[in-house]
Amino acid sequence: MTLSRLSQVEIDDTGLPAPTPEIEQERKVAIFDLLEDNSFALPPRDGQAAPDGPYNLHLAIREKRLVFEVRTEAGEAVAEFHLSLGPFRQVVKDYFQICESYFDAVKKLPPAKIEAIDMARRGIHNEGARVLQERLDGKVELDTDTARRLFTLICVLHFGG
């Protein structure tokens, strides 16, 4: 088992409106998938090696900023990043719009139409993951699948934030 991974993910939704059932399901699936398979490493900083993982991640929105708190499994704080939500706003908005279309399509459209909407949804999801990887460059090393799942969790937070 690699040490460059997340072993726990918590979402701080304090003060946010209750999620819809669809949003709550997205959140559960993203956390499950993330914990099953992820790549998350802290690079060396200021000439010091990063503490070994696995890591616990706490995600929150505070003062209109996305906050990543990273701790060791023993609970020792090892990193904290505050990212502006600005670069995520449009892609999160687009993602929610396409997800809404997808959920509606599943109820009433033929499979070919659903597949086309799902392809668009995956494209926007990939764009969100790319933005996240750019914003975390130099702070965290993560693969595309991990970035995609974290982007889903950012959307869940953004939904209420």
# chains A, B, ... in the order shown; residues from 1 in each chain; ligands from 1
$ closest_atom_pairs --of "region 9-55 of chain A" --to "region 102-110 of chain A" --cutoff "12 Å" --atoms "only C-alpha atoms" --output "Markdown table"
| residue | atom | partner | partner_atom | distance |
| --- | --- | --- | --- | --- |
| A:Pro21 | CA | A:Phe103 | CA | 11.7 |
| A:Glu22 | CA | A:Phe103 | CA | 8.6 |
| A:Ile23 | CA | A:Phe103 | CA | 11.1 |
| A:Glu26 | CA | A:Phe103 | CA | 11.9 |
$ select_by_dssp --residues "region 71-158 of chain A" --states "strand (DSSP E or B)" --output "PyMOL selection string"
chain A and resi 71-72+77-84+141-142
$ write_last_selection --atoms "C-alpha atoms" --output "PDB file, in the first residue's frame"
ATOM      1  CA  ARG A  71      -3.135  15.893   8.394  1.00  0.00           C
ATOM      2  CA  THR A  72      -1.291  12.684   9.071  1.00  0.00           C
ATOM      3  CA  ALA A  77      -1.358  19.117  10.714  1.00  0.00           C
ATOM      4  CA  VAL A  78       1.094  18.962   7.808  1.00  0.00           C
ATOM      5  CA  ALA A  79      -0.291  21.398   5.218  1.00  0.00           C
ATOM      6  CA  GLU A  80      -3.076  23.869   4.620  1.00  0.00           C
ATOM      7  CA  PHE A  81      -3.945  25.485   1.311  1.00  0.00           C
ATOM      8  CA  HIS A  82      -6.441  28.273   0.659  1.00  0.00           C
ATOM      9  CA  LEU A  83      -7.557  28.588  -2.960  1.00  0.00           C
ATOM     10  CA  SER A  84      -9.683  31.272  -4.526  1.00  0.00           C
ATOM     11  CA  GLU A 141       0.946  15.974  -6.489  1.00  0.00           C
ATOM     12  CA  LEU A 142      -2.183  14.131  -7.609  1.00  0.00           C
TER      13      LEU A 142
END
$ select_by_dssp --residues "region 8-147 of chain A" --states "alpha helix (DSSP H)" --output "PyMOL selection string"
chain A and resi 21-36+86-108+111-136+144-147
$ residues_around --residues "Arg5 (chain A)" --least-positions-apart "4" --cutoff "9 Å" --atoms "only C-alpha atoms" --output "list in words"
Leu35, Asp37, Asn38, Ser39, Phe40, Ala41, Gly53, Pro54, Tyr55, Asn56 and Leu142 of chain A
$ closest_residue --among "A:Glu69, A:Glu36, A:Asp52, A:Glu76" --to "Ile11 (chain A)" --atoms "only C-alpha atoms"
A:Glu69
$ residues_around --residues "Arg89 (chain A)" --least-positions-apart "5" --cutoff "10 Å" --atoms "only C-alpha atoms" --output "list in words"
Ser84, Asp94, Tyr95, Gly128, Cys155 and His158 of chain A
$ write_last_selection --atoms "N, CA, C and O atoms" --output "short mmCIF file (atom, residue, chain, number, x, y, z; two decimals), in the first residue's frame"
data_model
loop_
_atom_site.label_atom_id
_atom_site.label_comp_id
_atom_site.auth_asym_id
_atom_site.auth_seq_id
_atom_site.Cartn_x
_atom_site.Cartn_y
_atom_site.Cartn_z
N SER A 84 -8.57 30.43 -4.10
CA SER A 84 -9.68 31.27 -4.53
C SER A 84 -10.70 30.42 -5.26
O SER A 84 -10.35 29.53 -6.04
N ASP A 94 -21.15 25.26 -14.98
CA ASP A 94 -21.37 24.42 -16.17
C ASP A 94 -21.62 22.97 -15.77
O ASP A 94 -22.48 22.30 -16.34
N TYR A 95 -20.86 22.50 -14.79
CA TYR A 95 -21.00 21.11 -14.36
C TYR A 95 -22.38 20.86 -13.77
O TYR A 95 -23.03 19.86 -14.09
N GLY A 128 -12.72 20.67 -14.90
CA GLY A 128 -12.65 21.01 -13.48
C GLY A 128 -11.44 20.37 -12.81
O GLY A 128 -10.75 21.00 -12.00
N CYS A 155 -17.48 20.67 -6.01
CA CYS A 155 -18.81 21.01 -6.51
C CYS A 155 -19.85 20.88 -5.41
O CYS A 155 -20.74 21.73 -5.26
N HIS A 158 -19.37 23.81 -3.23
CA HIS A 158 -19.75 25.01 -3.96
C HIS A 158 -21.27 25.14 -4.04
O HIS A 158 -21.82 26.22 -3.99
#
$ residues_around --residues "Val9 (chain A)" --least-positions-apart "3" --cutoff "7 Å" --atoms "only C-alpha atoms" --output "number ranges by chain"
A: 31, 56-58
$ atom_distance --atom1 "CA of Leu3 (chain A)" --atom2 "CA of Gly75 (chain A)"
15.3 Å
$ residues_around --residues "Glu127 (chain A)" --least-positions-apart "4" --cutoff "12 Å" --atoms "only C-alpha atoms" --output "PDB file with all heavy atoms, in the first residue's frame"
ATOM      1  N   PRO A  87     -11.508  30.795  -9.962  1.00  0.00           N
ATOM      2  CA  PRO A  87     -11.211  29.964 -11.125  1.00  0.00           C
ATOM      3  C   PRO A  87     -12.147  28.758 -11.284  1.00  0.00           C
ATOM      4  O   PRO A  87     -12.216  28.170 -12.347  1.00  0.00           O
ATOM      5  CB  PRO A  87      -9.773  29.485 -10.861  1.00  0.00           C
ATOM      6  CG  PRO A  87      -9.196  30.507  -9.947  1.00  0.00           C
ATOM      7  CD  PRO A  87     -10.339  30.969  -9.087  1.00  0.00           C
ATOM      8  N   PHE A  88     -12.859  28.406 -10.230  1.00  0.00           N
ATOM      9  CA  PHE A  88     -13.754  27.247 -10.283  1.00  0.00           C
ATOM     10  C   PHE A  88     -15.196  27.625 -10.627  1.00  0.00           C
ATOM     11  O   PHE A  88     -15.974  26.770 -11.010  1.00  0.00           O
ATOM     12  CB  PHE A  88     -13.771  26.516  -8.927  1.00  0.00           C
ATOM     13  CG  PHE A  88     -12.454  25.915  -8.560  1.00  0.00           C
ATOM     14  CD1 PHE A  88     -11.620  26.542  -7.654  1.00  0.00           C
ATOM     15  CD2 PHE A  88     -12.041  24.716  -9.118  1.00  0.00           C
ATOM     16  CE1 PHE A  88     -10.402  25.989  -7.309  1.00  0.00           C
ATOM     17  CE2 PHE A  88     -10.824  24.161  -8.786  1.00  0.00           C
ATOM     18  CZ  PHE A  88      -9.994  24.803  -7.872  1.00  0.00           C
ATOM     19  N   GLN A  90     -17.068  29.182 -12.992  1.00  0.00           N
ATOM     20  CA  GLN A  90     -17.713  28.887 -14.264  1.00  0.00           C
ATOM     21  C   GLN A  90     -17.796  27.393 -14.527  1.00  0.00           C
ATOM     22  O   GLN A  90     -18.828  26.886 -14.943  1.00  0.00           O
ATOM     23  CB  GLN A  90     -17.009  29.592 -15.430  1.00  0.00           C
ATOM     24  CG  GLN A  90     -17.763  29.468 -16.749  1.00  0.00           C
ATOM     25  CD  GLN A  90     -19.160  30.082 -16.685  1.00  0.00           C
ATOM     26  OE1 GLN A  90     -19.339  31.222 -16.272  1.00  0.00           O
ATOM     27  NE2 GLN A  90     -20.173  29.320 -17.073  1.00  0.00           N
ATOM     28  N   VAL A  91     -16.709  26.665 -14.266  1.00  0.00           N
ATOM     29  CA  VAL A  91     -16.726  25.229 -14.541  1.00  0.00           C
ATOM     30  C   VAL A  91     -17.684  24.508 -13.583  1.00  0.00           C
ATOM     31  O   VAL A  91     -18.373  23.567 -13.988  1.00  0.00           O
ATOM     32  CB  VAL A  91     -15.294  24.627 -14.530  1.00  0.00           C
ATOM     33  CG1 VAL A  91     -14.703  24.572 -13.157  1.00  0.00           C
ATOM     34  CG2 VAL A  91     -15.282  23.272 -15.200  1.00  0.00           C
ATOM     35  N   VAL A  92     -17.806  24.978 -12.340  1.00  0.00           N
ATOM     36  CA  VAL A  92     -18.766  24.376 -11.405  1.00  0.00           C
ATOM     37  C   VAL A  92     -20.189  24.662 -11.883  1.00  0.00           C
ATOM     38  O   VAL A  92     -21.038  23.765 -11.895  1.00  0.00           O
ATOM     39  CB  VAL A  92     -18.541  24.886  -9.966  1.00  0.00           C
ATOM     40  CG1 VAL A  92     -19.704  24.514  -9.054  1.00  0.00           C
ATOM     41  CG2 VAL A  92     -17.244  24.333  -9.403  1.00  0.00           C
ATOM     42  N   ASP A  94     -21.153  25.260 -14.978  1.00  0.00           N
ATOM     43  CA  ASP A  94     -21.373  24.422 -16.166  1.00  0.00           C
ATOM     44  C   ASP A  94     -21.617  22.967 -15.772  1.00  0.00           C
ATOM     45  O   ASP A  94     -22.475  22.299 -16.344  1.00  0.00           O
ATOM     46  CB  ASP A  94     -20.170  24.501 -17.110  1.00  0.00           C
ATOM     47  CG  ASP A  94     -19.998  25.872 -17.744  1.00  0.00           C
ATOM     48  OD1 ASP A  94     -20.933  26.702 -17.671  1.00  0.00           O
ATOM     49  OD2 ASP A  94     -18.899  26.118 -18.298  1.00  0.00           O
ATOM     50  N   TYR A  95     -20.858  22.496 -14.794  1.00  0.00           N
ATOM     51  CA  TYR A  95     -20.997  21.112 -14.360  1.00  0.00           C
ATOM     52  C   TYR A  95     -22.385  20.861 -13.771  1.00  0.00           C
ATOM     53  O   TYR A  95     -23.031  19.865 -14.086  1.00  0.00           O
ATOM     54  CB  TYR A  95     -19.895  20.753 -13.355  1.00  0.00           C
ATOM     55  CG  TYR A  95     -19.913  19.307 -12.957  1.00  0.00           C
ATOM     56  CD1 TYR A  95     -19.595  18.305 -13.869  1.00  0.00           C
ATOM     57  CD2 TYR A  95     -20.240  18.929 -11.665  1.00  0.00           C
ATOM     58  CE1 TYR A  95     -19.626  16.971 -13.515  1.00  0.00           C
ATOM     59  CE2 TYR A  95     -20.264  17.594 -11.300  1.00  0.00           C
ATOM     60  CZ  TYR A  95     -19.955  16.618 -12.221  1.00  0.00           C
ATOM     61  OH  TYR A  95     -19.983  15.298 -11.857  1.00  0.00           O
ATOM     62  N   ALA A 120     -20.549  15.062 -22.568  1.00  0.00           N
ATOM     63  CA  ALA A 120     -20.339  16.483 -22.276  1.00  0.00           C
ATOM     64  C   ALA A 120     -20.050  16.672 -20.780  1.00  0.00           C
ATOM     65  O   ALA A 120     -19.177  17.450 -20.400  1.00  0.00           O
ATOM     66  CB  ALA A 120     -21.554  17.296 -22.691  1.00  0.00           C
ATOM     67  N   ARG A 121     -20.787  15.938 -19.955  1.00  0.00           N
ATOM     68  CA  ARG A 121     -20.588  16.021 -18.497  1.00  0.00           C
ATOM     69  C   ARG A 121     -19.163  15.596 -18.129  1.00  0.00           C
ATOM     70  O   ARG A 121     -18.485  16.260 -17.348  1.00  0.00           O
ATOM     71  CB  ARG A 121     -21.608  15.129 -17.791  1.00  0.00           C
ATOM     72  CG  ARG A 121     -21.559  15.185 -16.272  1.00  0.00           C
ATOM     73  CD  ARG A 121     -22.611  14.286 -15.651  1.00  0.00           C
ATOM     74  NE  ARG A 121     -22.347  12.887 -15.899  1.00  0.00           N
ATOM     75  CZ  ARG A 121     -21.586  12.116 -15.121  1.00  0.00           C
ATOM     76  NH1 ARG A 121     -21.031  12.612 -14.040  1.00  0.00           N
ATOM     77  NH2 ARG A 121     -21.397  10.849 -15.428  1.00  0.00           N
ATOM     78  N   ARG A 122     -18.686  14.508 -18.738  1.00  0.00           N
ATOM     79  CA  ARG A 122     -17.322  14.054 -18.455  1.00  0.00           C
ATOM     80  C   ARG A 122     -16.287  15.083 -18.916  1.00  0.00           C
ATOM     81  O   ARG A 122     -15.266  15.277 -18.265  1.00  0.00           O
ATOM     82  CB  ARG A 122     -17.065  12.703 -19.104  1.00  0.00           C
ATOM     83  CG  ARG A 122     -17.721  11.564 -18.326  1.00  0.00           C
ATOM     84  CD  ARG A 122     -17.361  10.249 -18.933  1.00  0.00           C
ATOM     85  NE  ARG A 122     -17.972  10.184 -20.259  1.00  0.00           N
ATOM     86  CZ  ARG A 122     -18.428   9.104 -20.824  1.00  0.00           C
ATOM     87  NH1 ARG A 122     -18.315   7.957 -20.211  1.00  0.00           N
ATOM     88  NH2 ARG A 122     -18.973   9.135 -22.008  1.00  0.00           N
ATOM     89  N   GLY A 123     -16.551  15.732 -20.049  1.00  0.00           N
ATOM     90  CA  GLY A 123     -15.629  16.763 -20.535  1.00  0.00           C
ATOM     91  C   GLY A 123     -15.516  17.932 -19.565  1.00  0.00           C
ATOM     92  O   GLY A 123     -14.415  18.420 -19.288  1.00  0.00           O
ATOM     93  N   VAL A 131      -8.320  22.323 -13.833  1.00  0.00           N
ATOM     94  CA  VAL A 131      -8.214  23.580 -13.087  1.00  0.00           C
ATOM     95  C   VAL A 131      -7.687  23.296 -11.677  1.00  0.00           C
ATOM     96  O   VAL A 131      -6.806  23.994 -11.178  1.00  0.00           O
ATOM     97  CB  VAL A 131      -9.570  24.329 -13.036  1.00  0.00           C
ATOM     98  CG1 VAL A 131      -9.535  25.495 -12.067  1.00  0.00           C
ATOM     99  CG2 VAL A 131      -9.971  24.796 -14.432  1.00  0.00           C
ATOM    100  N   LEU A 132      -8.215  22.262 -11.045  1.00  0.00           N
ATOM    101  CA  LEU A 132      -7.775  21.913  -9.697  1.00  0.00           C
ATOM    102  C   LEU A 132      -6.294  21.545  -9.687  1.00  0.00           C
ATOM    103  O   LEU A 132      -5.534  22.005  -8.822  1.00  0.00           O
ATOM    104  CB  LEU A 132      -8.616  20.770  -9.138  1.00  0.00           C
ATOM    105  CG  LEU A 132      -8.235  20.313  -7.728  1.00  0.00           C
ATOM    106  CD1 LEU A 132      -8.365  21.453  -6.722  1.00  0.00           C
ATOM    107  CD2 LEU A 132      -9.093  19.137  -7.316  1.00  0.00           C
ATOM    108  N   GLN A 133      -5.869  20.738 -10.646  1.00  0.00           N
ATOM    109  CA  GLN A 133      -4.455  20.367 -10.710  1.00  0.00           C
ATOM    110  C   GLN A 133      -3.571  21.601 -10.902  1.00  0.00           C
ATOM    111  O   GLN A 133      -2.512  21.705 -10.275  1.00  0.00           O
ATOM    112  CB  GLN A 133      -4.210  19.351 -11.825  1.00  0.00           C
ATOM    113  CG  GLN A 133      -4.685  17.957 -11.458  1.00  0.00           C
ATOM    114  CD  GLN A 133      -4.509  16.966 -12.587  1.00  0.00           C
ATOM    115  OE1 GLN A 133      -5.016  17.162 -13.680  1.00  0.00           O
ATOM    116  NE2 GLN A 133      -3.802  15.884 -12.322  1.00  0.00           N
ATOM    117  N   GLU A 134      -4.005  22.535 -11.723  1.00  0.00           N
ATOM    118  CA  GLU A 134      -3.245  23.780 -11.911  1.00  0.00           C
ATOM    119  C   GLU A 134      -3.149  24.564 -10.611  1.00  0.00           C
ATOM    120  O   GLU A 134      -2.095  25.084 -10.262  1.00  0.00           O
ATOM    121  CB  GLU A 134      -3.905  24.667 -12.975  1.00  0.00           C
ATOM    122  CG  GLU A 134      -3.661  24.235 -14.381  1.00  0.00           C
ATOM    123  CD  GLU A 134      -4.367  25.139 -15.392  1.00  0.00           C
ATOM    124  OE1 GLU A 134      -5.008  26.140 -14.985  1.00  0.00           O
ATOM    125  OE2 GLU A 134      -4.279  24.834 -16.588  1.00  0.00           O
ATOM    126  N   THR A 144      -4.941  12.409 -12.316  1.00  0.00           N
ATOM    127  CA  THR A 144      -6.177  12.943 -12.898  1.00  0.00           C
ATOM    128  C   THR A 144      -7.418  12.363 -12.232  1.00  0.00           C
ATOM    129  O   THR A 144      -8.364  13.110 -11.943  1.00  0.00           O
ATOM    130  CB  THR A 144      -6.209  12.672 -14.416  1.00  0.00           C
ATOM    131  OG1 THR A 144      -5.061  13.314 -14.998  1.00  0.00           O
ATOM    132  CG2 THR A 144      -7.461  13.237 -15.053  1.00  0.00           C
ATOM    133  N   ALA A 147      -7.903  14.057  -8.969  1.00  0.00           N
ATOM    134  CA  ALA A 147      -8.359  15.433  -9.196  1.00  0.00           C
ATOM    135  C   ALA A 147      -9.836  15.454  -9.588  1.00  0.00           C
ATOM    136  O   ALA A 147     -10.591  16.326  -9.141  1.00  0.00           O
ATOM    137  CB  ALA A 147      -7.505  16.101 -10.277  1.00  0.00           C
ATOM    138  N   ARG A 148     -10.264  14.496 -10.402  1.00  0.00           N
ATOM    139  CA  ARG A 148     -11.688  14.431 -10.797  1.00  0.00           C
ATOM    140  C   ARG A 148     -12.580  14.219  -9.580  1.00  0.00           C
ATOM    141  O   ARG A 148     -13.602  14.874  -9.430  1.00  0.00           O
ATOM    142  CB  ARG A 148     -11.915  13.288 -11.801  1.00  0.00           C
ATOM    143  CG  ARG A 148     -11.437  13.577 -13.213  1.00  0.00           C
ATOM    144  CD  ARG A 148     -11.589  12.357 -14.124  1.00  0.00           C
ATOM    145  NE  ARG A 148     -12.936  11.828 -14.147  1.00  0.00           N
ATOM    146  CZ  ARG A 148     -13.922  12.282 -14.926  1.00  0.00           C
ATOM    147  NH1 ARG A 148     -13.686  13.265 -15.767  1.00  0.00           N
ATOM    148  NH2 ARG A 148     -15.120  11.737 -14.886  1.00  0.00           N
ATOM    149  N   PHE A 151     -12.638  17.279  -7.489  1.00  0.00           N
ATOM    150  CA  PHE A 151     -13.467  18.304  -8.124  1.00  0.00           C
ATOM    151  C   PHE A 151     -14.943  18.061  -7.813  1.00  0.00           C
ATOM    152  O   PHE A 151     -15.688  19.002  -7.542  1.00  0.00           O
ATOM    153  CB  PHE A 151     -13.238  18.351  -9.638  1.00  0.00           C
ATOM    154  CG  PHE A 151     -14.167  19.303 -10.335  1.00  0.00           C
ATOM    155  CD1 PHE A 151     -13.994  20.677 -10.195  1.00  0.00           C
ATOM    156  CD2 PHE A 151     -15.230  18.839 -11.092  1.00  0.00           C
ATOM    157  CE1 PHE A 151     -14.869  21.568 -10.813  1.00  0.00           C
ATOM    158  CE2 PHE A 151     -16.100  19.717 -11.708  1.00  0.00           C
ATOM    159  CZ  PHE A 151     -15.919  21.084 -11.566  1.00  0.00           C
ATOM    160  N   THR A 152     -15.376  16.811  -7.823  1.00  0.00           N
ATOM    161  CA  THR A 152     -16.762  16.496  -7.459  1.00  0.00           C
ATOM    162  C   THR A 152     -17.063  17.000  -6.050  1.00  0.00           C
ATOM    163  O   THR A 152     -18.116  17.601  -5.810  1.00  0.00           O
ATOM    164  CB  THR A 152     -17.024  14.977  -7.545  1.00  0.00           C
ATOM    165  OG1 THR A 152     -16.784  14.549  -8.885  1.00  0.00           O
ATOM    166  CG2 THR A 152     -18.453  14.640  -7.145  1.00  0.00           C
TER     167      THR A 152
END
$ atom_distance --atom1 "CA of Ser4 (chain A)" --atom2 "CA of Leu42 (chain A)"
7.9 Å
$ closest_residue --among "A:Lys113, A:Arg27, A:Lys93, A:Lys64" --to "Leu150 (chain A)" --atoms "only C-alpha atoms"
A:Arg27
$ atom_distance --atom1 "CA of Val140 (chain A)" --atom2 "CA of Ile154 (chain A)"
15.8 Å
$ residues_around --residues "region 59-62 of chain A" --least-positions-apart "5" --cutoff "7 Å" --atoms "only C-alpha atoms" --output "list in words"
Glu10, Ile11, Asp12, Asp13, Val67, Phe68, Glu69, Leu157 and Gly161 of chain A
$ write_last_selection --atoms "N, CA and C atoms" --output "PDB file, in the first residue's frame"
ATOM      1  N   GLU A  10     -12.926  14.342   4.773  1.00  0.00           N
ATOM      2  CA  GLU A  10     -14.068  14.938   5.458  1.00  0.00           C
ATOM      3  C   GLU A  10     -14.459  16.209   4.730  1.00  0.00           C
ATOM      4  N   ILE A  11     -15.755  16.436   4.661  1.00  0.00           N
ATOM      5  CA  ILE A  11     -16.291  17.647   4.057  1.00  0.00           C
ATOM      6  C   ILE A  11     -16.922  18.472   5.170  1.00  0.00           C
ATOM      7  N   ASP A  12     -16.484  19.692   5.318  1.00  0.00           N
ATOM      8  CA  ASP A  12     -17.070  20.590   6.309  1.00  0.00           C
ATOM      9  C   ASP A  12     -18.164  21.391   5.614  1.00  0.00           C
ATOM     10  N   ASP A  13     -19.409  20.974   5.829  1.00  0.00           N
ATOM     11  CA  ASP A  13     -20.533  21.678   5.211  1.00  0.00           C
ATOM     12  C   ASP A  13     -21.296  22.509   6.243  1.00  0.00           C
ATOM     13  N   VAL A  67     -10.622  25.584   1.237  1.00  0.00           N
ATOM     14  CA  VAL A  67      -9.566  25.255   2.193  1.00  0.00           C
ATOM     15  C   VAL A  67      -9.321  23.752   2.189  1.00  0.00           C
ATOM     16  N   PHE A  68      -8.062  23.389   1.958  1.00  0.00           N
ATOM     17  CA  PHE A  68      -7.593  22.006   2.051  1.00  0.00           C
ATOM     18  C   PHE A  68      -6.747  21.929   3.319  1.00  0.00           C
ATOM     19  N   GLU A  69      -7.186  21.168   4.296  1.00  0.00           N
ATOM     20  CA  GLU A  69      -6.377  20.911   5.496  1.00  0.00           C
ATOM     21  C   GLU A  69      -5.903  19.470   5.402  1.00  0.00           C
ATOM     22  N   LEU A 157     -19.362  21.201  -2.218  1.00  0.00           N
ATOM     23  CA  LEU A 157     -19.184  22.351  -1.319  1.00  0.00           C
ATOM     24  C   LEU A 157     -19.688  23.635  -1.971  1.00  0.00           C
ATOM     25  N   GLY A 161     -22.138  26.755  -1.070  1.00  0.00           N
ATOM     26  CA  GLY A 161     -21.334  27.891  -0.678  1.00  0.00           C
ATOM     27  C   GLY A 161     -21.488  29.066  -1.500  1.00  0.00           C
TER      28      GLY A 161
END
